[in-house]
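Peer 1: Coordinates in run-v6.cif, mmCIF, N, CA, C and O atoms, are listed below.
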```
data_my_file
#
loop_
_atom_site.label_atom_id
_atom_site.label_comp_id
_atom_site.auth_asym_id
_atom_site.auth_seq_id
_atom_site.Cartn_x
_atom_site.Cartn_y
_atom_site.Cartn_z
N MET A 1 65.70 74.34 110.30
CA MET A 1 65.84 75.41 111.28
C MET A 1 66.69 74.93 112.45
O MET A 1 66.52 73.83 112.94
N SER A 2 67.55 75.77 112.88
CA SER A 2 68.33 75.48 114.09
C SER A 2 67.45 75.75 115.30
O SER A 2 66.79 76.77 115.39
N THR A 3 67.46 74.83 116.23
CA THR A 3 66.63 75.03 117.42
C THR A 3 67.24 76.05 118.37
O THR A 3 66.54 76.69 119.12
N LYS A 4 68.55 76.23 118.34
CA LYS A 4 69.21 77.16 119.26
C LYS A 4 69.01 78.62 118.84
O LYS A 4 68.74 79.47 119.66
N THR A 5 69.18 78.91 117.56
CA THR A 5 69.14 80.30 117.12
C THR A 5 67.88 80.66 116.36
O THR A 5 67.61 81.85 116.18
N GLY A 6 67.13 79.70 115.90
CA GLY A 6 65.97 79.99 115.08
C GLY A 6 66.34 80.32 113.65
O GLY A 6 65.49 80.70 112.86
N LEU A 7 67.62 80.19 113.31
CA LEU A 7 68.08 80.48 111.95
C LEU A 7 68.14 79.19 111.14
O LEU A 7 68.44 78.13 111.68
N PRO A 8 67.88 79.27 109.84
CA PRO A 8 67.90 78.07 109.00
C PRO A 8 69.31 77.53 108.81
O PRO A 8 70.27 78.29 108.74
N ASN A 9 69.43 76.22 108.75
CA ASN A 9 70.72 75.58 108.48
C ASN A 9 70.80 75.06 107.05
O ASN A 9 71.87 74.65 106.62
N ASP A 10 69.67 75.04 106.37
CA ASP A 10 69.59 74.39 105.07
C ASP A 10 69.70 75.35 103.89
O ASP A 10 69.44 74.97 102.76
N ARG A 11 70.09 76.58 104.14
CA ARG A 11 70.27 77.55 103.05
C ARG A 11 71.26 78.61 103.49
O ARG A 11 71.67 78.67 104.65
N LEU A 12 71.66 79.44 102.54
CA LEU A 12 72.59 80.53 102.84
C LEU A 12 71.90 81.58 103.69
O LEU A 12 70.69 81.81 103.56
N TRP A 13 72.68 82.22 104.56
CA TRP A 13 72.14 83.27 105.42
C TRP A 13 72.27 84.63 104.75
O TRP A 13 73.24 84.91 104.04
N THR A 14 71.31 85.48 105.03
CA THR A 14 71.38 86.87 104.59
C THR A 14 72.26 87.65 105.56
O THR A 14 72.58 87.17 106.65
N ILE A 15 72.58 88.86 105.19
CA ILE A 15 73.36 89.71 106.09
C ILE A 15 72.58 90.01 107.36
O ILE A 15 73.15 90.12 108.44
N ASP A 16 71.25 90.11 107.25
CA ASP A 16 70.43 90.32 108.45
C ASP A 16 70.55 89.15 109.42
O ASP A 16 70.64 89.34 110.63
N GLU A 17 70.57 87.93 108.88
CA GLU A 17 70.67 86.74 109.73
C GLU A 17 72.04 86.62 110.37
O GLU A 17 72.15 86.26 111.55
N VAL A 18 73.09 86.95 109.63
CA VAL A 18 74.44 86.92 110.20
C VAL A 18 74.59 87.99 111.27
O VAL A 18 75.15 87.76 112.34
N SER A 19 74.04 89.16 111.00
CA SER A 19 74.05 90.24 111.98
C SER A 19 73.36 89.81 113.26
O SER A 19 73.87 90.03 114.37
N TYR A 20 72.22 89.17 113.14
CA TYR A 20 71.48 88.67 114.30
C TYR A 20 72.30 87.61 115.04
O TYR A 20 72.43 87.65 116.26
N TYR A 21 72.85 86.65 114.31
CA TYR A 21 73.62 85.56 114.91
C TYR A 21 74.81 86.09 115.70
O TYR A 21 75.09 85.63 116.81
N LEU A 22 75.53 87.05 115.12
CA LEU A 22 76.73 87.59 115.76
C LEU A 22 76.40 88.69 116.76
O LEU A 22 77.26 89.06 117.58
N GLY A 23 75.21 89.24 116.68
CA GLY A 23 74.83 90.32 117.59
C GLY A 23 75.54 91.62 117.29
O GLY A 23 75.89 92.36 118.22
N ILE A 24 75.77 91.88 116.01
CA ILE A 24 76.46 93.10 115.60
C ILE A 24 75.64 93.80 114.51
O ILE A 24 74.83 93.16 113.83
N PRO A 25 75.88 95.09 114.30
CA PRO A 25 75.15 95.80 113.24
C PRO A 25 75.57 95.32 111.85
O PRO A 25 76.71 94.88 111.64
N LYS A 26 74.64 95.43 110.91
CA LYS A 26 74.94 95.06 109.53
C LYS A 26 76.09 95.89 108.98
O LYS A 26 76.92 95.38 108.22
N GLN A 27 76.14 97.15 109.38
CA GLN A 27 77.21 98.03 108.88
C GLN A 27 78.59 97.50 109.27
O GLN A 27 79.54 97.63 108.51
N THR A 28 78.70 96.90 110.44
CA THR A 28 79.97 96.30 110.85
C THR A 28 80.37 95.19 109.90
O THR A 28 81.54 95.09 109.51
N LEU A 29 79.42 94.35 109.51
CA LEU A 29 79.72 93.29 108.54
C LEU A 29 80.19 93.87 107.21
O LEU A 29 81.14 93.37 106.60
N HIS A 30 79.55 94.95 106.77
CA HIS A 30 79.98 95.60 105.52
C HIS A 30 81.39 96.15 105.66
O HIS A 30 82.21 96.00 104.75
N GLN A 31 81.69 96.76 106.80
CA GLN A 31 83.04 97.29 107.02
C GLN A 31 84.07 96.17 107.04
O GLN A 31 85.14 96.30 106.44
N TRP A 32 83.76 95.10 107.76
CA TRP A 32 84.68 93.97 107.80
C TRP A 32 84.94 93.42 106.41
O TRP A 32 86.05 93.04 106.08
N ARG A 33 83.89 93.38 105.60
CA ARG A 33 84.04 92.84 104.24
C ARG A 33 85.00 93.69 103.42
O ARG A 33 85.83 93.17 102.69
N THR A 34 84.90 95.02 103.55
CA THR A 34 85.81 95.89 102.79
C THR A 34 87.24 95.78 103.32
O THR A 34 88.18 96.01 102.56
N LEU A 35 87.39 95.42 104.59
CA LEU A 35 88.72 95.27 105.19
C LEU A 35 89.24 93.83 105.09
O LEU A 35 90.31 93.52 105.62
N ASP A 36 88.46 92.96 104.44
CA ASP A 36 88.81 91.54 104.29
C ASP A 36 88.93 90.85 105.65
O ASP A 36 89.83 90.09 105.91
N ARG A 37 87.97 91.17 106.53
CA ARG A 37 87.88 90.55 107.86
C ARG A 37 86.50 89.94 107.99
O ARG A 37 85.66 90.09 107.12
N GLY A 38 86.27 89.28 109.08
CA GLY A 38 84.94 88.72 109.32
C GLY A 38 84.72 87.42 108.57
O GLY A 38 85.61 86.92 107.87
N PRO A 39 83.54 86.85 108.72
CA PRO A 39 83.24 85.58 108.05
C PRO A 39 83.17 85.76 106.54
O PRO A 39 82.84 86.84 106.04
N ALA A 40 83.50 84.70 105.84
CA ALA A 40 83.49 84.74 104.37
C ALA A 40 82.07 84.87 103.86
O ALA A 40 81.19 84.10 104.24
N GLY A 41 81.85 85.85 103.01
CA GLY A 41 80.57 86.05 102.36
C GLY A 41 80.73 85.88 100.86
O GLY A 41 81.84 86.02 100.33
N ARG A 42 79.65 85.59 100.18
CA ARG A 42 79.69 85.39 98.75
C ARG A 42 78.58 86.18 98.08
O ARG A 42 77.50 86.33 98.64
N ARG A 43 78.85 86.66 96.90
CA ARG A 43 77.83 87.32 96.10
C ARG A 43 77.05 86.25 95.34
O ARG A 43 77.62 85.38 94.71
N VAL A 44 75.75 86.34 95.46
CA VAL A 44 74.85 85.50 94.68
C VAL A 44 74.02 86.50 93.88
O VAL A 44 73.08 87.10 94.42
N GLY A 45 74.45 86.72 92.64
CA GLY A 45 73.87 87.81 91.88
C GLY A 45 74.25 89.12 92.55
O GLY A 45 75.41 89.37 92.83
N ARG A 46 73.27 89.92 92.90
CA ARG A 46 73.57 91.18 93.58
C ARG A 46 73.45 91.08 95.09
O ARG A 46 73.59 92.06 95.81
N TYR A 47 73.19 89.89 95.59
CA TYR A 47 72.96 89.68 97.02
C TYR A 47 74.17 89.10 97.70
O TYR A 47 74.88 88.26 97.14
N LEU A 48 74.40 89.53 98.93
CA LEU A 48 75.48 88.99 99.76
C LEU A 48 74.91 87.88 100.62
O LEU A 48 73.91 88.07 101.31
N ARG A 49 75.54 86.71 100.57
CA ARG A 49 75.06 85.56 101.34
C ARG A 49 76.24 84.90 102.04
O ARG A 49 77.39 84.98 101.61
N TYR A 50 75.91 84.23 103.14
CA TYR A 50 76.91 83.56 103.98
C TYR A 50 76.49 82.11 104.20
O TYR A 50 75.32 81.83 104.45
N ARG A 51 77.46 81.21 104.14
CA ARG A 51 77.18 79.82 104.51
C ARG A 51 77.22 79.73 106.03
O ARG A 51 78.18 80.19 106.66
N PRO A 52 76.18 79.15 106.65
CA PRO A 52 76.15 79.06 108.11
C PRO A 52 77.40 78.40 108.68
O PRO A 52 77.94 78.84 109.70
N GLU A 53 77.89 77.36 108.01
CA GLU A 53 79.08 76.67 108.51
C GLU A 53 80.32 77.56 108.47
O GLU A 53 81.21 77.44 109.31
N ASP A 54 80.41 78.46 107.49
CA ASP A 54 81.54 79.40 107.43
C ASP A 54 81.48 80.39 108.58
O ASP A 54 82.51 80.73 109.18
N VAL A 55 80.28 80.88 108.87
CA VAL A 55 80.13 81.84 109.98
C VAL A 55 80.50 81.16 111.30
O VAL A 55 81.24 81.71 112.11
N ARG A 56 80.01 79.95 111.50
CA ARG A 56 80.32 79.23 112.74
C ARG A 56 81.80 78.91 112.86
O ARG A 56 82.39 78.99 113.94
N ALA A 57 82.43 78.53 111.74
CA ALA A 57 83.86 78.24 111.74
C ALA A 57 84.66 79.50 112.06
O ALA A 57 85.66 79.44 112.79
N TRP A 58 84.23 80.64 111.56
CA TRP A 58 84.91 81.90 111.83
C TRP A 58 84.82 82.22 113.32
O TRP A 58 85.82 82.62 113.94
N VAL A 59 83.66 82.03 113.92
CA VAL A 59 83.50 82.27 115.35
C VAL A 59 84.37 81.31 116.15
O VAL A 59 85.02 81.70 117.12
N ALA A 60 84.42 80.04 115.73
CA ALA A 60 85.24 79.05 116.43
C ALA A 60 86.73 79.43 116.34
O ALA A 60 87.47 79.26 117.31
N ALA A 61 87.15 79.95 115.20
CA ALA A 61 88.54 80.37 115.05
C ALA A 61 88.87 81.53 115.97
O ALA A 61 89.97 81.61 116.51
N LEU A 62 87.91 82.43 116.17
CA LEU A 62 88.13 83.55 117.11
C LEU A 62 88.33 83.02 118.52
O LEU A 62 89.21 83.47 119.23
N ALA A 63 87.52 82.05 118.89
CA ALA A 63 87.63 81.47 120.23
C ALA A 63 89.00 80.78 120.39
O ALA A 63 89.62 80.87 121.44
N ALA A 64 89.45 80.10 119.34
CA ALA A 64 90.75 79.42 119.39
C ALA A 64 91.88 80.44 119.53
O ALA A 64 92.85 80.19 120.24
N GLU A 65 91.75 81.59 118.86
CA GLU A 65 92.78 82.64 118.98
C GLU A 65 92.83 83.16 120.42
O GLU A 65 93.92 83.42 120.93
N LEU A 66 91.68 83.32 121.04
CA LEU A 66 91.66 83.81 122.42
C LEU A 66 92.30 82.83 123.39
O LEU A 66 93.00 83.24 124.31
N VAL A 67 92.07 81.56 123.17
CA VAL A 67 92.65 80.53 124.04
C VAL A 67 94.16 80.49 123.85
O VAL A 67 94.90 80.36 124.82
N GLY A 68 94.61 80.65 122.61
CA GLY A 68 96.05 80.59 122.32
C GLY A 68 96.79 81.86 122.65
O GLY A 68 98.01 81.89 122.66
N ALA A 69 96.07 82.94 122.93
CA ALA A 69 96.72 84.24 123.16
C ALA A 69 97.37 84.33 124.52
O ALA A 69 97.20 83.67 125.44
#
```
Take the structure in the file and give it back as structure tokens.
Peer 2:
Amino acid sequence: MSTKTGLPNDRLWTIDEVSYYLGIPKQTLHQWRTLDRGPAGRRVGRYLRYRPEDVRAWVAALAAELVGA
């Protein structure tokens, strides 16, 4: 478990967990996925899952874009 967010670091995150981490609605994540935007998600069977490190890297890349803009 991450002490900062209360989210697990040792397994893939659900869409609910990514939504909580980013502070956005789940529907936004679904929209981003259809537009090929947002953090990389993977299908595990019929479930959508995210690697915590991918989500964090995506957020870090956004911050880098803002600094470079």
Peer 1: List every residue of chain A that DSSP, applied to the backbone, labels as strand (DSSP E or B), and write the result as a ChimeraX atom specification.
Peer 2: /A:13,41-44,47-50
Peer 1: Which residues would end up in the selection if the PyMOL selection byres (((chain A and resi 47-56 and name CA) around 9) and name CA) were applied here, given that I need the answer as a PyMOL selection string?
Peer 2: chain A and resi 8-15+18+21-22+38-46+57-61
Peer 1: Give me, please, the distance in Å between CA of Leu7 (chain A) and CA of Tyr20 (chain A), quoted to one decimal.
Peer 2: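 Distance between the two atoms: 9.2 Å.
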Peer 1: Any chance you could list, as a PDB file with N, CA, C and O atoms, in the frame of the given file, the residues in chain A that come up helix (DSSP H, G or I) when DSSP is run on the backbone?
Peer 2:
```pdb
ATOM      1  N   ILE A  15      72.580  88.860 105.190  1.00  0.00           N
ATOM      2  CA  ILE A  15      73.360  89.710 106.090  1.00  0.00           C
ATOM      3  C   ILE A  15      72.580  90.010 107.360  1.00  0.00           C
ATOM      4  O   ILE A  15      73.150  90.120 108.440  1.00  0.00           O
ATOM      5  N   ASP A  16      71.250  90.110 107.250  1.00  0.00           N
ATOM      6  CA  ASP A  16      70.430  90.320 108.450  1.00  0.00           C
ATOM      7  C   ASP A  16      70.550  89.150 109.420  1.00  0.00           C
ATOM      8  O   ASP A  16      70.640  89.340 110.630  1.00  0.00           O
ATOM      9  N   GLU A  17      70.570  87.930 108.880  1.00  0.00           N
ATOM     10  CA  GLU A  17      70.670  86.740 109.730  1.00  0.00           C
ATOM     11  C   GLU A  17      72.040  86.620 110.370  1.00  0.00           C
ATOM     12  O   GLU A  17      72.150  86.260 111.550  1.00  0.00           O
ATOM     13  N   VAL A  18      73.090  86.950 109.630  1.00  0.00           N
ATOM     14  CA  VAL A  18      74.440  86.920 110.200  1.00  0.00           C
ATOM     15  C   VAL A  18      74.590  87.990 111.270  1.00  0.00           C
ATOM     16  O   VAL A  18      75.150  87.760 112.340  1.00  0.00           O
ATOM     17  N   SER A  19      74.040  89.160 111.000  1.00  0.00           N
ATOM     18  CA  SER A  19      74.050  90.240 111.980  1.00  0.00           C
ATOM     19  C   SER A  19      73.360  89.810 113.260  1.00  0.00           C
ATOM     20  O   SER A  19      73.870  90.030 114.370  1.00  0.00           O
ATOM     21  N   TYR A  20      72.220  89.170 113.140  1.00  0.00           N
ATOM     22  CA  TYR A  20      71.480  88.670 114.300  1.00  0.00           C
ATOM     23  C   TYR A  20      72.300  87.610 115.040  1.00  0.00           C
ATOM     24  O   TYR A  20      72.430  87.650 116.260  1.00  0.00           O
ATOM     25  N   TYR A  21      72.850  86.650 114.310  1.00  0.00           N
ATOM     26  CA  TYR A  21      73.620  85.560 114.910  1.00  0.00           C
ATOM     27  C   TYR A  21      74.810  86.090 115.700  1.00  0.00           C
ATOM     28  O   TYR A  21      75.090  85.630 116.810  1.00  0.00           O
ATOM     29  N   LEU A  22      75.530  87.050 115.120  1.00  0.00           N
ATOM     30  CA  LEU A  22      76.730  87.590 115.760  1.00  0.00           C
ATOM     31  C   LEU A  22      76.400  88.690 116.760  1.00  0.00           C
ATOM     32  O   LEU A  22      77.260  89.060 117.580  1.00  0.00           O
ATOM     33  N   LYS A  26      74.640  95.430 110.910  1.00  0.00           N
ATOM     34  CA  LYS A  26      74.940  95.060 109.530  1.00  0.00           C
ATOM     35  C   LYS A  26      76.090  95.890 108.980  1.00  0.00           C
ATOM     36  O   LYS A  26      76.920  95.380 108.220  1.00  0.00           O
ATOM     37  N   GLN A  27      76.140  97.150 109.380  1.00  0.00           N
ATOM     38  CA  GLN A  27      77.210  98.030 108.880  1.00  0.00           C
ATOM     39  C   GLN A  27      78.590  97.500 109.270  1.00  0.00           C
ATOM     40  O   GLN A  27      79.540  97.630 108.510  1.00  0.00           O
ATOM     41  N   THR A  28      78.700  96.900 110.440  1.00  0.00           N
ATOM     42  CA  THR A  28      79.970  96.300 110.850  1.00  0.00           C
ATOM     43  C   THR A  28      80.370  95.190 109.900  1.00  0.00           C
ATOM     44  O   THR A  28      81.540  95.090 109.510  1.00  0.00           O
ATOM     45  N   LEU A  29      79.420  94.350 109.510  1.00  0.00           N
ATOM     46  CA  LEU A  29      79.720  93.290 108.540  1.00  0.00           C
ATOM     47  C   LEU A  29      80.190  93.870 107.210  1.00  0.00           C
ATOM     48  O   LEU A  29      81.140  93.370 106.600  1.00  0.00           O
ATOM     49  N   HIS A  30      79.550  94.950 106.770  1.00  0.00           N
ATOM     50  CA  HIS A  30      79.980  95.600 105.520  1.00  0.00           C
ATOM     51  C   HIS A  30      81.390  96.150 105.660  1.00  0.00           C
ATOM     52  O   HIS A  30      82.210  96.000 104.750  1.00  0.00           O
ATOM     53  N   GLN A  31      81.690  96.760 106.800  1.00  0.00           N
ATOM     54  CA  GLN A  31      83.040  97.290 107.020  1.00  0.00           C
ATOM     55  C   GLN A  31      84.070  96.170 107.040  1.00  0.00           C
ATOM     56  O   GLN A  31      85.140  96.300 106.440  1.00  0.00           O
ATOM     57  N   TRP A  32      83.760  95.100 107.760  1.00  0.00           N
ATOM     58  CA  TRP A  32      84.680  93.970 107.800  1.00  0.00           C
ATOM     59  C   TRP A  32      84.940  93.420 106.410  1.00  0.00           C
ATOM     60  O   TRP A  32      86.050  93.040 106.080  1.00  0.00           O
ATOM     61  N   ARG A  33      83.890  93.380 105.600  1.00  0.00           N
ATOM     62  CA  ARG A  33      84.040  92.840 104.240  1.00  0.00           C
ATOM     63  C   ARG A  33      85.000  93.690 103.420  1.00  0.00           C
ATOM     64  O   ARG A  33      85.830  93.170 102.690  1.00  0.00           O
ATOM     65  N   THR A  34      84.900  95.020 103.550  1.00  0.00           N
ATOM     66  CA  THR A  34      85.810  95.890 102.790  1.00  0.00           C
ATOM     67  C   THR A  34      87.240  95.780 103.320  1.00  0.00           C
ATOM     68  O   THR A  34      88.180  96.010 102.560  1.00  0.00           O
ATOM     69  N   PRO A  52      76.180  79.150 106.650  1.00  0.00           N
ATOM     70  CA  PRO A  52      76.150  79.060 108.110  1.00  0.00           C
ATOM     71  C   PRO A  52      77.400  78.400 108.680  1.00  0.00           C
ATOM     72  O   PRO A  52      77.940  78.840 109.700  1.00  0.00           O
ATOM     73  N   GLU A  53      77.890  77.360 108.010  1.00  0.00           N
ATOM     74  CA  GLU A  53      79.080  76.670 108.510  1.00  0.00           C
ATOM     75  C   GLU A  53      80.320  77.560 108.470  1.00  0.00           C
ATOM     76  O   GLU A  53      81.210  77.440 109.310  1.00  0.00           O
ATOM     77  N   ASP A  54      80.410  78.460 107.490  1.00  0.00           N
ATOM     78  CA  ASP A  54      81.540  79.400 107.430  1.00  0.00           C
ATOM     79  C   ASP A  54      81.480  80.390 108.580  1.00  0.00           C
ATOM     80  O   ASP A  54      82.510  80.730 109.180  1.00  0.00           O
ATOM     81  N   VAL A  55      80.280  80.880 108.870  1.00  0.00           N
ATOM     82  CA  VAL A  55      80.130  81.840 109.980  1.00  0.00           C
ATOM     83  C   VAL A  55      80.500  81.160 111.300  1.00  0.00           C
ATOM     84  O   VAL A  55      81.240  81.710 112.110  1.00  0.00           O
ATOM     85  N   ARG A  56      80.010  79.950 111.500  1.00  0.00           N
ATOM     86  CA  ARG A  56      80.320  79.230 112.740  1.00  0.00           C
ATOM     87  C   ARG A  56      81.800  78.910 112.860  1.00  0.00           C
ATOM     88  O   ARG A  56      82.390  78.990 113.940  1.00  0.00           O
ATOM     89  N   ALA A  57      82.430  78.530 111.740  1.00  0.00           N
ATOM     90  CA  ALA A  57      83.860  78.240 111.740  1.00  0.00           C
ATOM     91  C   ALA A  57      84.660  79.500 112.060  1.00  0.00           C
ATOM     92  O   ALA A  57      85.660  79.440 112.790  1.00  0.00           O
ATOM     93  N   TRP A  58      84.230  80.640 111.560  1.00  0.00           N
ATOM     94  CA  TRP A  58      84.910  81.900 111.830  1.00  0.00           C
ATOM     95  C   TRP A  58      84.820  82.220 113.320  1.00  0.00           C
ATOM     96  O   TRP A  58      85.820  82.620 113.940  1.00  0.00           O
ATOM     97  N   VAL A  59      83.660  82.030 113.920  1.00  0.00           N
ATOM     98  CA  VAL A  59      83.500  82.270 115.350  1.00  0.00           C
ATOM     99  C   VAL A  59      84.370  81.310 116.150  1.00  0.00           C
ATOM    100  O   VAL A  59      85.020  81.700 117.120  1.00  0.00           O
ATOM    101  N   ALA A  60      84.420  80.040 115.730  1.00  0.00           N
ATOM    102  CA  ALA A  60      85.240  79.050 116.430  1.00  0.00           C
ATOM    103  C   ALA A  60      86.730  79.430 116.340  1.00  0.00           C
ATOM    104  O   ALA A  60      87.470  79.260 117.310  1.00  0.00           O
ATOM    105  N   ALA A  61      87.150  79.950 115.200  1.00  0.00           N
ATOM    106  CA  ALA A  61      88.540  80.370 115.050  1.00  0.00           C
ATOM    107  C   ALA A  61      88.870  81.530 115.970  1.00  0.00           C
ATOM    108  O   ALA A  61      89.970  81.610 116.510  1.00  0.00           O
ATOM    109  N   LEU A  62      87.910  82.430 116.170  1.00  0.00           N
ATOM    110  CA  LEU A  62      88.130  83.550 117.110  1.00  0.00           C
ATOM    111  C   LEU A  62      88.330  83.020 118.520  1.00  0.00           C
ATOM    112  O   LEU A  62      89.210  83.470 119.230  1.00  0.00           O
ATOM    113  N   ALA A  63      87.520  82.050 118.890  1.00  0.00           N
ATOM    114  CA  ALA A  63      87.630  81.470 120.230  1.00  0.00           C
ATOM    115  C   ALA A  63      89.000  80.780 120.390  1.00  0.00           C
ATOM    116  O   ALA A  63      89.620  80.870 121.440  1.00  0.00           O
ATOM    117  N   ALA A  64      89.450  80.100 119.340  1.00  0.00           N
ATOM    118  CA  ALA A  64      90.750  79.420 119.390  1.00  0.00           C
ATOM    119  C   ALA A  64      91.880  80.440 119.530  1.00  0.00           C
ATOM    120  O   ALA A  64      92.850  80.190 120.240  1.00  0.00           O
ATOM    121  N   GLU A  65      91.750  81.590 118.860  1.00  0.00           N
ATOM    122  CA  GLU A  65      92.780  82.640 118.980  1.00  0.00           C
ATOM    123  C   GLU A  65      92.830  83.160 120.420  1.00  0.00           C
ATOM    124  O   GLU A  65      93.920  83.420 120.930  1.00  0.00           O
ATOM    125  N   LEU A  66      91.680  83.320 121.040  1.00  0.00           N
ATOM    126  CA  LEU A  66      91.660  83.810 122.420  1.00  0.00           C
ATOM    127  C   LEU A  66      92.300  82.830 123.390  1.00  0.00           C
ATOM    128  O   LEU A  66      93.000  83.240 124.310  1.00  0.00           O
ATOM    129  N   VAL A  67      92.070  81.560 123.170  1.00  0.00           N
ATOM    130  CA  VAL A  67      92.650  80.530 124.040  1.00  0.00           C
ATOM    131  C   VAL A  67      94.160  80.490 123.850  1.00  0.00           C
ATOM    132  O   VAL A  67      94.900  80.360 124.820  1.00  0.00           O
ATOM    133  N   GLY A  68      94.610  80.650 122.610  1.00  0.00           N
ATOM    134  CA  GLY A  68      96.050  80.590 122.320  1.00  0.00           C
ATOM    135  C   GLY A  68      96.790  81.860 122.650  1.00  0.00           C
ATOM    136  O   GLY A  68      98.010  81.890 122.660  1.00  0.00           O
TER     137      GLY A  68
END
```
Peer 1: To one decimal place in Å, what is the distance between atom C of Asp36 (chain A) and atom N of Gly6 (chain A)?
Peer 2: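 Between atom C of Asp36 (chain A) and atom N of Gly6 (chain A) the gap works out to 26.5 Å.
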